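Inspection log for the structure reproduced underneath, given as structure tokens.
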Amino acid sequence: MKKIMITGACGQIGSELVEKLREEYGVMNVLATDIREPATKTGPFEILDVMDAEKMQKLAENFGADTLMHMAALLSATAENNPVLAWNLNMGGLMNALEVARKLNLQFFTPSSIGAFGPSTQKDHTPQDAFQRPTTMYGVNKVSGELLCDYYYTKYGVDTRGVRFPGLISNVTAPGGGTTDYAVDIYYKAITDGSYTSYIAEGTYMDMMYMPDALDAIVKLMEADGDKLQHRNAFNITAMSFEPAQIAAAIQKYIPEFTMDYAVDPARQAIADSWPDSLDCSAAEAEWQFEAKFDLDAMTKDMLNQLSEKLQQQKTSTNIV
């Protein structure tokens with residue numbers, strides 16, 4: 001990767017991926033695009049609706065891109081509320097991006113998700129090559145996207161690569177409509193309110209990963225020797241699996257007075273119940289040496305430290321204004 005164009009650059013992953021790649025490859029070698037302006041610009045940026053295939057190709061050509069990272073998508077809970085929009089955006093945008101990669105001979109990355117699995121999938125240590133019958137529109141999009149990327153690799157030789165992300169936890173970007181977002185919001189509420197009401201039921205395990213590990217995984221996969229990749233679209237990766245009470249207990253090590261109760265959201269709970277409890281990521285470990293650095297306790301310590309500083313700065317800024 002030398003010249004990288006990113007769609008969905010203002011999204012949950014995209015906003016942090018842009019900064020990661022600019023640190024790795026240079027500010028001027030990463031073109032961020034999105035349908036809306038970012039809060040702050042740290043390098044090249046262009047407005048792009050991923051449904052506009054012509055403009056997408058023109059931007060990639062003018063930038064001289066050799067890599068396209070397609071991050072634009074509606075997330076699970078949001079997609080379920082508007083399935084037609086989700087299909088049109090998630091699949092139409094992906095097709096446009098793959099066509100640009102094909103025409104310009106670009107290396108290509110797009111993320112899949114644990115949402116690609118369904119209730120009939122093996123729940124514990126879900127294997128890389130597992131039965132996939134998702135029951136959500138988001139999941140249907142992700143399975144379709146995996147197959148479409150495989151097609152473009154086998155049919156046209158496009159160097160497509162991807163991972164199945166678990167829930168991602170970030171101290172930078174706010175929750176964005178995902179089922180696993182409770183695991184982000186709980187840290188904010190622990191600091192600001194000292195309590196949290198979980199919309200996910202007690203005992204519901206889901207795979208999670210801290211964002212620094214997720215960003216490292218993208219870079220490592222894209223830099224890996226393509227001849228050694230048997231599974232391109234997409235690799236299971238994970239760092240930890242926990243249920244709400246366990247993340248509450250991890251927070252209580254640092255904020256002993258923190259409390260949590262439950263008010264289960266049936267819609268998001270149904271999505272969570274359809275997903276695996278834990279993933280087997282041995283294929284990623286074997287084929288490109290994937291390794292996560294953060295476990296639940298290390299993530300919790302860093303999240304609380306980072307968010308405390310961030311929220312204090314916001315409070316100070318508000319008081320000055």
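Following the order of the structure tokens, chains are lettered A, B, ..., residues in each are numbered from 1, and ligands are numbered from 1.
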(message) Please extract the residues of stretch 69-313 of chain A with a backbone DSSP assignment of strand (DSSP E or B) and present them as a VMD selection string.
(response) chain A and resid 69 to 70 107 to 109 112 to 113 126 160 to 161 163 to 165 167 to 169 195 to 198 206 to 210 235 to 236 240 to 242 259 to 262 279
Residues from last step as file, C-alpha atoms, as a compact mmCIF listing (two decimals), in the first residue's frame:
```txt
# COMPACT_ATOMS: atom_id res chain seq x y z
CA MET A 69 -10.63 0.49 1.49
CA HIS A 70 -14.41 0.42 1.39
CA GLN A 107 -5.79 -3.81 -3.80
CA PHE A 108 -9.13 -3.95 -1.98
CA PHE A 109 -10.33 -4.22 1.62
CA SER A 112 -17.34 -8.29 7.20
CA SER A 113 -18.73 -9.05 10.65
CA THR A 126 -17.29 -20.69 15.50
CA THR A 160 -9.66 -8.59 -2.23
CA ARG A 161 -9.11 -9.03 1.50
CA VAL A 163 -11.97 -9.73 8.17
CA ARG A 164 -15.08 -10.58 10.15
CA PHE A 165 -14.96 -7.99 12.89
CA GLY A 167 -17.97 -5.79 18.25
CA LEU A 168 -15.48 -2.90 18.21
CA ILE A 169 -14.84 -0.75 21.24
CA SER A 195 -24.33 3.57 36.46
CA TYR A 196 -25.55 1.97 33.25
CA THR A 197 -28.70 0.29 31.99
CA SER A 198 -27.86 -2.49 29.56
CA MET A 206 -20.46 -11.61 22.19
CA ASP A 207 -16.98 -11.34 20.72
CA MET A 208 -15.31 -7.96 21.09
CA MET A 209 -12.11 -6.20 20.12
CA TYR A 210 -10.46 -2.93 21.11
CA PHE A 235 -11.05 -13.98 8.26
CA ASN A 236 -12.50 -14.56 11.71
CA MET A 240 -12.23 -11.45 23.84
CA SER A 241 -15.74 -12.71 24.51
CA PHE A 242 -17.76 -11.43 27.45
CA THR A 259 -23.63 -0.18 39.16
CA MET A 260 -25.50 -1.74 36.25
CA ASP A 261 -29.05 -2.90 35.67
CA TYR A 262 -30.97 -4.18 32.65
CA LEU A 279 -14.97 -17.12 17.21
```
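Candidate residues A:Gly226, A:Pro38, A:Gly203, A:Pro212 were compared for distance to A:Glu291, and the nearest is A:Pro212, using only C-alpha atoms.
Closest to A:Glu285 among A:Ala263, A:Leu221, A:Met299, A:Leu59 is A:Leu221, based on only C-alpha atoms.
The smallest atom-to-atom distance between A:Ala65 and any of A:Ile191, A:Leu311, A:Ala32, A:Val84, using only C-alpha atoms, is found for A:Ala32.
Look at A:Asp124: the protein and nucleic acid residues within 7 Å of it, using only C-alpha atoms and passing over chain neighbours fewer than 5 places away, are Pro276, Asp277, Ser278 and Leu279 of chain A.
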Please produce a file of those selected residues containing N, CA and C atoms, as a tab-separated table (two decimals), in the first residue's frame.
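Saved file out-v1.tsv follows:
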```tsv
chain	number	residue	atom	x	y	z
A	276	PRO	N	-22.58	-15.60	17.06
A	276	PRO	CA	-21.75	-16.51	17.85
A	276	PRO	C	-21.40	-15.93	19.22
A	277	ASP	N	-21.10	-16.84	20.15
A	277	ASP	CA	-20.59	-16.43	21.45
A	277	ASP	C	-19.09	-16.19	21.40
A	278	SER	N	-18.41	-16.96	20.56
A	278	SER	CA	-16.96	-16.82	20.43
A	278	SER	C	-16.52	-17.36	19.08
A	279	LEU	N	-15.46	-16.77	18.54
A	279	LEU	CA	-14.97	-17.12	17.21
A	279	LEU	C	-13.62	-17.85	17.30
```
Near stretch 18-28 of chain A, 9 Å: stretch 42-80 of chain A residue rows, closest pairs, only C-alpha atoms, as JSON lines:
```
{"residue": "A:Thr42", "atom": "CA", "partner": "A:Val27", "partner_atom": "CA", "distance": 7.5}
{"residue": "A:Gly43", "atom": "CA", "partner": "A:Val27", "partner_atom": "CA", "distance": 5.7}
{"residue": "A:Pro44", "atom": "CA", "partner": "A:Met28", "partner_atom": "CA", "distance": 6.4}
```
(request) Write out as a list in words each polymer residue whose atoms come within 9 Å of A:His231, counting only C-alpha atoms; drop sequence neighbours fewer than 3 positions from it. (result) Gln128, Arg161, Gly162, Ala234, Phe235, Ala283, Ala284 and Glu287 of chain A
Output file for the selection above: C-alpha atoms, as a PDB file, in the first residue's frame:
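again_30.pdb was written with the following content:
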```
ATOM      1  CA  GLN A 128     -13.625 -20.030   9.884  1.00  0.00           C
ATOM      2  CA  ARG A 161      -9.106  -9.034   1.497  1.00  0.00           C
ATOM      3  CA  GLY A 162     -11.330  -8.761   4.566  1.00  0.00           C
ATOM      4  CA  ALA A 234     -13.209 -12.907   5.298  1.00  0.00           C
ATOM      5  CA  PHE A 235     -11.050 -13.980   8.256  1.00  0.00           C
ATOM      6  CA  ALA A 283      -6.956 -19.292  10.198  1.00  0.00           C
ATOM      7  CA  ALA A 284      -5.959 -15.635  10.627  1.00  0.00           C
ATOM      8  CA  GLU A 287      -2.109 -17.323   7.402  1.00  0.00           C
TER       9      GLU A 287
END
```
(request) Please identify all polymer residues within 9 Å of A:Met95, counting only C-alpha atoms, omitting same-chain residues fewer than 6 positions from it, and present them as a PyMOL selection string. (result) chain A and resi 53+145+148
(request) Report as a VMD selection string: the residues of stretch 170-257 of chain A with a DSSP assignment of alpha helix (DSSP H), based on the backbone of this structure. (result) chain A and resid 182 to 192 211 to 223 244 to 252
(request) Choose the residue, out of A:Asn96, A:Gln122, A:Asn29, A:Thr238, that has the smallest atom-to-atom separation from A:Met56; count only C-alpha atoms. (result) A:Asn96
(message) Give me the residues near A:Asp273 as a ChimeraX atom specification, where near means some atom within 10 Å (using only C-alpha atoms) and where sequence neighbours in that chain fewer than 3 positions away do not count.
(response) /A:118-119,123,200-201,204-206,268-270,276-277
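Between atom CA of A:Tyr199 and atom CA of A:Asp265 the interatomic distance comes to 5.0 Å.
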